[in-house]
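What follows is one structure encoded as structure tokens, with my remarks underneath.
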Amino acid sequence: MDDESAAPQTRRDLLAMIGTVAGGAVMYQAMTSLGHAEESPYTGPIRLEGDPRGASVLILGAGLAGMVAALELRKAGYQVQVLEYQDRLGGRNWTLRGGDTFTELGGETQTCRFDPGLYINPGPWRVPYHHHGFLDYAKRLGVRLEPFVQVNHNAYAHSANAYGGKPKRFREVQADFIGNVAEMLAKAANQDKLDQPLSKDDKDALLAALRSWGALDGNYTYRESLATSDRRGFERDPGGGLAGPPQTSKPLERNELMRSGLWRTLITGMVHEFQTTIFQPVGGMDMLGKALAREVGGLVRMNAKVTKIHQDPSGVTVTYTDTKAGGAPQTTKADWCLCTIPLSILSQIEINVGSKMAAGIDAASAYDASVKVGLQFRRRFWEQDDAIFGGISTTDLPIRQISYPSSDFFSDGKGVLLGAYPYNGPAAYLLSAMSAEQRVRKAVEDGSKIHPQYPQEFENGVSVAWHRIPWTLGCAASWPGETRKQHYADLCAIDGRIALAGEHLSYLPAWQEGAILSSLDAITRLHKRIVGGN
Amino acid sequence: MRTQCKLAASGMVIALAGAAIAQTAAPRPPYILPTQVAARDGAGVYREVCAACHMPDGKGAIGAGAYPALTNNEKLEVAGYPIALILNGQRAMPGFGRMLDDQQVAAVTAYIRTNFGNRFTGAVRADDVKTMR
């Protein structure tokens with residue numbers, strides 16, 4: 001997720017600024033204090049020791065949180081049943097392939113028309129190396145992983161308002177941004193114009209670092225040279241024989257570069273969640289959901305729309321309707337309930353919990369907005385024409401980013417791009433408010449500004465606007481303002497016989513790791529209460 | 001609580017007749033991503049934001065949860081109610097106070113109060129929104 005909230009100075013903008021001005025270490029510190037960039041505390045498979053003596057647990061929702069709980073609780077000796085609204089298991093762990101059909105709120109049904117082997121992940125699509133919970137379940141369940149390319153130095157940075165709308169390469173922006181900042185700082189240091197005086201030793205050390213970091217010359221100047229072209233790329237690459245001599249490239253002018261905003265593209269890969277190495281399941285993100293479904297799918301009743309959750313001293317009774325078969329509302333009962341229904345939905349379901357949990361459900365139930373558009377092209381022109389293999393191009397157009405597939409490089413066949421992925425802010429709503437066909441058209445139109453090959457090569461597209469997804473009403477928990485401080489602990493606490501879990505009850509919102517860790521934490525506490533009898 | 005106080009203060013909201021005066025948003029330096037909705041008029045703001053959930057025809061939608069219909073909706077009679085919701089959100093509805101300026105909130109409030117089968121009278125002014133922020 002590249003969050004882009006509506007605040008004039010968003011958290012991510014703030015982080016970008018801190019990162020740009022002060023460097024990664026300070027940004028990491030700032031991110032940690034803002035509740036992001038926490039290392040996953042997962043320490044290995046949980047052990048639920050003690051005999052539950054036949055106790056039963058009803059799990060609501062068969063996404064990652066629900067299915068992980070089902071797997072572990074059954075293993076610990078519980079009687080487990082699961083209710084799921086959809087006719088598919090996995091929740092937001094979801095991959096769209098040719099032939100897949102889904103209907104958004106408003107009634108628009110899309111059928112994905114991708115060729116065999118091609119897909120997009122409309123929800124989560126990458127797994128950082130430090131999301132130990134996800135990675136452990138993937139390993140235990142035999143889900144193969146491959147590298148996900150996040151940063152590609154040959155991908156594009158584009159702004160409709162800079163350089164006449166012509167994109168620059170990431171490597172050019174990176175080298176020139178760092179080089180210019182290093183030069184300015186070196187000059188200020190040399191003229192003793194830093195905010196605090198430096199000892200001669202410290203100044204020499206700083207100057208040596210800046211010269212190395214920025215590829216500056218002996219006068220601490222960033223200028224066209226073999227050294228700077230080695231960073232930003234050559235006008236003509238070094239070759240062999242008589243054609244060997246390289247031709248250097250000319251750096252971008254400093255002030256124009258700063259004003260362009262293209263430096264924004266440098267930040268994401270510096271963020272802990274996006275640092276190398278990142279993984280994706282081979283063949284689609286839903287490989288983990290499918291693996292979990294193989295284990296616990298038999299416990300799940302699908303097409304069950306929960307309408308009421310009622311607890312009393314003897315247990316929890318849940319009322320639901322069968323969305324396919326219809327008929328009168330049905331009920332099912334268990335001793336305990338683990339509810340992984342998104343708060344956006346749960347806030348509309350009758351549930352008798354205490355006032356603190358109820359207040360939290362209401363306060364935290366507005367979810368982030370995001371849209372993804374997948375586009376199939378006749379050929380992989382981004383590889384063949386632009387030498388872009390995986391990674392992400394960024395733009396200030398509403399599509400915000402184009403991501404290239406991280407697998408099947410050099411394939412002669414067709415390819416699917418992620419053609420749009422705005423996260424929050426006006427762009428995400430703009431695309432959410434469009435019909436599926438309009439979104440695809442918009443993705444092709446915006447993308448053509450970066451890749452003129454689009455109109456010629458485009459075949460078909462599919463899109464998911466998360467606010468129009470009937471079972472989430474948004475993409476992920478948003479926790480605006482002070483809501484986390486006020487309500488998070490109350491939502492995590494077990495209320496009588498009911499515990500809540502999901503990405504919304506984690507400090508990794510929108511990440512699958514958050515769903516897994518929240519689930520493990522909730523069932524560990526629930527289990528302690530049940531076997532401990534307190 | 002905050003919303004209720006602001007609602008109480010909004011008795012003055014139902015105000016003079018007359019169309020909202022078009023204003024342009026404050027200029028944005030090119031290195032800052034747009035944080036404001038582009039459309040200025042009520043129909044445009046509705047089309048670019050609200051239609052995502054309330055749908056282009058204002059009929060809302062029902063899935064595991066629901067988006068309320070705006071069609072023939074008596075809750076829109078007192079303009080302060082939709083203004084408060086647009087600014088601050090409620091339950092699954094996010095607040096849009098940062099993404100929309102006073103003029104845009106007034107324009108879209110006027111739009112939903114006079115479309116989708118709603119025929120509520122009384123103009124909505126940017127000042128009415130300002131007092132509720």
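How things are named: the first chain in the structure tokens is A, the next is B, and so on; residues count from 1 in each chain; ligands count from 1 in the order shown.
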(message) Show me, as JSON, numbers by chain, the residues of chain B whose atoms get within 10 Å of chain A, using only C-alpha atoms for the distance check.
(response) {"B": [29, 30, 31, 32, 33, 34, 35, 36, 37, 38, 45, 46, 47, 48, 49, 50, 51, 52, 53, 54, 55, 56, 57, 59, 60, 61, 62, 63, 64, 65, 66, 67, 89, 90, 91, 92, 93, 94, 95, 96, 97, 98, 99, 100]}
Can I get the selection written as a short mmCIF file (atom, residue, chain, number, x, y, z; two decimals), in the first residue's frame, with N, CA and C atoms?
```
data_model
loop_
_atom_site.label_atom_id
_atom_site.label_comp_id
_atom_site.auth_asym_id
_atom_site.auth_seq_id
_atom_site.Cartn_x
_atom_site.Cartn_y
_atom_site.Cartn_z
N PRO B 29 1.52 23.41 -5.38
CA PRO B 29 2.81 23.27 -6.05
C PRO B 29 2.91 21.89 -6.71
N PRO B 30 3.61 21.80 -7.84
CA PRO B 30 3.60 20.55 -8.60
C PRO B 30 4.23 19.38 -7.85
N TYR B 31 5.05 19.67 -6.84
CA TYR B 31 5.71 18.57 -6.13
C TYR B 31 4.86 17.98 -5.01
N ILE B 32 3.66 18.51 -4.81
CA ILE B 32 2.74 17.93 -3.84
C ILE B 32 1.64 17.19 -4.60
N LEU B 33 1.39 15.95 -4.22
CA LEU B 33 0.31 15.20 -4.87
C LEU B 33 -1.02 15.86 -4.55
N PRO B 34 -1.98 15.79 -5.48
CA PRO B 34 -3.28 16.40 -5.21
C PRO B 34 -3.92 15.78 -3.97
N THR B 35 -4.36 16.61 -3.06
CA THR B 35 -5.06 16.12 -1.88
C THR B 35 -6.53 16.52 -1.91
N GLN B 36 -6.89 17.33 -2.91
CA GLN B 36 -8.26 17.83 -3.02
C GLN B 36 -8.96 17.23 -4.23
N VAL B 37 -10.25 16.99 -4.07
CA VAL B 37 -11.07 16.55 -5.18
C VAL B 37 -11.09 17.66 -6.23
N ALA B 38 -10.98 17.27 -7.50
CA ALA B 38 -10.86 18.27 -8.56
C ALA B 38 -12.17 19.00 -8.84
N VAL B 45 -18.65 16.70 -7.80
CA VAL B 45 -18.14 16.10 -6.56
C VAL B 45 -18.84 14.78 -6.30
N TYR B 46 -20.15 14.77 -6.53
CA TYR B 46 -20.89 13.52 -6.34
C TYR B 46 -20.32 12.43 -7.24
N ARG B 47 -20.09 12.79 -8.49
CA ARG B 47 -19.62 11.81 -9.48
C ARG B 47 -18.22 11.31 -9.15
N GLU B 48 -17.38 12.17 -8.58
CA GLU B 48 -15.98 11.80 -8.34
C GLU B 48 -15.73 11.17 -6.97
N VAL B 49 -16.68 11.30 -6.06
CA VAL B 49 -16.46 10.78 -4.71
C VAL B 49 -17.64 9.91 -4.24
N CYS B 50 -18.78 10.55 -4.07
CA CYS B 50 -19.91 9.90 -3.39
C CYS B 50 -20.40 8.67 -4.15
N ALA B 51 -20.36 8.75 -5.50
CA ALA B 51 -20.90 7.66 -6.31
C ALA B 51 -20.17 6.35 -6.07
N ALA B 52 -18.96 6.42 -5.50
CA ALA B 52 -18.22 5.19 -5.22
C ALA B 52 -19.05 4.26 -4.35
N CYS B 53 -19.77 4.80 -3.38
CA CYS B 53 -20.55 3.96 -2.47
C CYS B 53 -22.05 4.15 -2.63
N HIS B 54 -22.49 5.39 -2.73
CA HIS B 54 -23.94 5.63 -2.84
C HIS B 54 -24.44 5.38 -4.25
N MET B 55 -23.52 5.12 -5.18
CA MET B 55 -23.81 4.74 -6.55
C MET B 55 -24.27 5.95 -7.38
N PRO B 56 -24.00 5.90 -8.69
CA PRO B 56 -24.32 7.04 -9.55
C PRO B 56 -25.80 7.45 -9.49
N ASP B 57 -26.69 6.47 -9.24
CA ASP B 57 -28.11 6.80 -9.19
C ASP B 57 -28.60 7.09 -7.77
N LYS B 59 -28.85 5.17 -5.28
CA LYS B 59 -29.68 4.10 -4.69
C LYS B 59 -28.95 3.29 -3.63
N GLY B 60 -27.66 3.58 -3.39
CA GLY B 60 -26.94 2.80 -2.39
C GLY B 60 -26.77 1.36 -2.85
N ALA B 61 -26.45 0.47 -1.94
CA ALA B 61 -26.23 -0.92 -2.31
C ALA B 61 -26.23 -1.78 -1.06
N ILE B 62 -26.51 -3.07 -1.25
CA ILE B 62 -26.53 -4.00 -0.12
C ILE B 62 -25.68 -5.22 -0.44
N GLY B 63 -24.73 -5.51 0.46
CA GLY B 63 -23.96 -6.75 0.38
C GLY B 63 -23.95 -7.37 1.76
N ALA B 64 -22.75 -7.74 2.25
CA ALA B 64 -22.65 -8.20 3.64
C ALA B 64 -23.02 -7.03 4.56
N GLY B 65 -22.68 -5.83 4.12
CA GLY B 65 -23.13 -4.60 4.76
C GLY B 65 -23.82 -3.77 3.70
N ALA B 66 -24.25 -2.57 4.07
CA ALA B 66 -25.03 -1.79 3.11
C ALA B 66 -24.56 -0.34 3.06
N TYR B 67 -24.78 0.31 1.93
CA TYR B 67 -24.63 1.76 1.79
C TYR B 67 -26.03 2.35 1.67
N GLY B 89 -17.65 11.92 8.65
CA GLY B 89 -17.92 10.51 8.45
C GLY B 89 -18.80 9.94 9.55
N GLN B 90 -19.21 8.72 9.36
CA GLN B 90 -19.97 8.02 10.40
C GLN B 90 -19.92 6.53 10.08
N ARG B 91 -19.51 5.75 11.07
CA ARG B 91 -19.34 4.31 10.86
C ARG B 91 -18.52 4.06 9.59
N ALA B 92 -19.05 3.22 8.67
CA ALA B 92 -18.23 2.84 7.51
C ALA B 92 -17.95 3.99 6.55
N MET B 93 -18.62 5.13 6.75
CA MET B 93 -18.38 6.27 5.86
C MET B 93 -17.21 7.10 6.37
N PRO B 94 -16.16 7.23 5.55
CA PRO B 94 -15.04 8.07 5.98
C PRO B 94 -15.43 9.55 5.96
N GLY B 95 -14.75 10.37 6.73
CA GLY B 95 -14.94 11.81 6.64
C GLY B 95 -14.19 12.37 5.45
N PHE B 96 -14.78 13.40 4.83
CA PHE B 96 -14.14 13.99 3.65
C PHE B 96 -13.76 15.45 3.89
N GLY B 97 -13.68 15.84 5.15
CA GLY B 97 -13.42 17.23 5.48
C GLY B 97 -12.10 17.75 4.95
N ARG B 98 -11.14 16.85 4.77
CA ARG B 98 -9.84 17.31 4.27
C ARG B 98 -9.76 17.30 2.76
N MET B 99 -10.57 16.45 2.15
CA MET B 99 -10.49 16.28 0.70
C MET B 99 -11.37 17.29 -0.03
N LEU B 100 -12.34 17.85 0.70
CA LEU B 100 -13.29 18.80 0.11
C LEU B 100 -13.23 20.10 0.90
#
```
(request) Show which residues sit within 12 Å of region 107-119 of chain B, as a PyMOL selection string. Count only C-alpha atoms, and ignore same-chain residues fewer than 6 positions away. (result) chain B and resi 13-15+17-23+37+39-51+54-60+69-87+96+100-101+125-129
(message) If we count only C-alpha atoms and set the cut-off at 6 Å, which residues sit around region 65-82 of chain A, ignoring sequence neighbours fewer than 4 positions away in its own chain? Please answer as a list in words.
(response) Leu48, Gly54, Ala55, Ser56, Val57, Leu58, Ile59, Leu60, Gly61, Leu299, Val300, Gly502, Ala515, Ile516 and Ser519 of chain A
Please, could you write that set of residues out with C-alpha atoms as a CSV table (one decimal), in the first residue's frame?
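And here's result-v4.csv as it stands now:
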```
chain,number,residue,atom,x,y,z
A,48,LEU,CA,-2.0,-24.0,22.5
A,54,GLY,CA,-14.5,-30.3,23.9
A,55,ALA,CA,-15.2,-26.6,23.9
A,56,SER,CA,-16.5,-25.2,20.6
A,57,VAL,CA,-15.5,-22.1,18.7
A,58,LEU,CA,-17.5,-20.5,16.0
A,59,ILE,CA,-15.3,-18.4,13.6
A,60,LEU,CA,-16.9,-15.7,11.5
A,61,GLY,CA,-15.0,-15.1,8.3
A,299,LEU,CA,-15.2,-26.6,8.5
A,300,VAL,CA,-16.6,-23.7,6.5
A,502,GLY,CA,-8.2,-9.4,11.6
A,515,ALA,CA,-4.4,-10.6,10.0
A,516,ILE,CA,-2.3,-13.6,11.0
A,519,SER,CA,-5.6,-14.1,14.9
```
(request) Kindly indicate which residue among A:Asp490, A:Asp176, A:Glu256, A:Asp51 lies nearest to Ser229 (chain A), using only C-alpha atoms for the distances. (result)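 Going through A:Asp490, A:Asp176, A:Glu256, A:Asp51 one by one, the smallest distance to Ser229 (chain A) is for A:Asp176.
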(request) Between A:Lys333, A:Thr524, A:Gly297, A:Val462, single out the one closest to Gly99 (chain A), counting only C-alpha atoms. (result)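 Distance minimum relative to Gly99 (chain A) lands on A:Val462.
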Closest atom pairs, region 374-416 of chain A residues within 12 Å of region 274-284 of chain A, only C-alpha atoms, as a Markdown table:
```
| residue | atom | partner | partner_atom | distance |
| --- | --- | --- | --- | --- |
| A:Gly391 | CA | A:Ile278 | CA | 11.2 |
| A:Ile392 | CA | A:Phe274 | CA | 11.7 |
| A:Pro405 | CA | A:Gln280 | CA | 10.7 |
| A:Ser406 | CA | A:Gln280 | CA | 8.7 |
| A:Ser407 | CA | A:Val282 | CA | 8.3 |
| A:Asp408 | CA | A:Gly283 | CA | 10.4 |
```
(request) Using DSSP on the backbone coordinates, identify the residues of region 93-334 of chain A assigned to helix (DSSP H, G or I); present them as a PyMOL selection string. (result) chain A and resi 132-140+163-165+170-190+200-214+226-232+241-243+254-260+262-266+268-270+272-274+286-299
(message) Excluding Asp446 (chain A) and its own-chain neighbours fewer than 2 positions away, which residues fall within 9 Å of it when counting only C-alpha atoms? Please give them as a PyMOL selection string.
(response) chain A and resi 397-399+419-420+441-444+448-450
(request) For CA of Gln376 (chain A) and CA of Thr103 (chain A), quote the distance in Å rounded to one decimal. (result)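 Distance reported for this atom pair: 20.1 Å.
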(request) Provide the CA of Phe389 (chain A) to CA of Leu118 (chain A) distance in Å, to one decimal place. (result) 15.9 Å
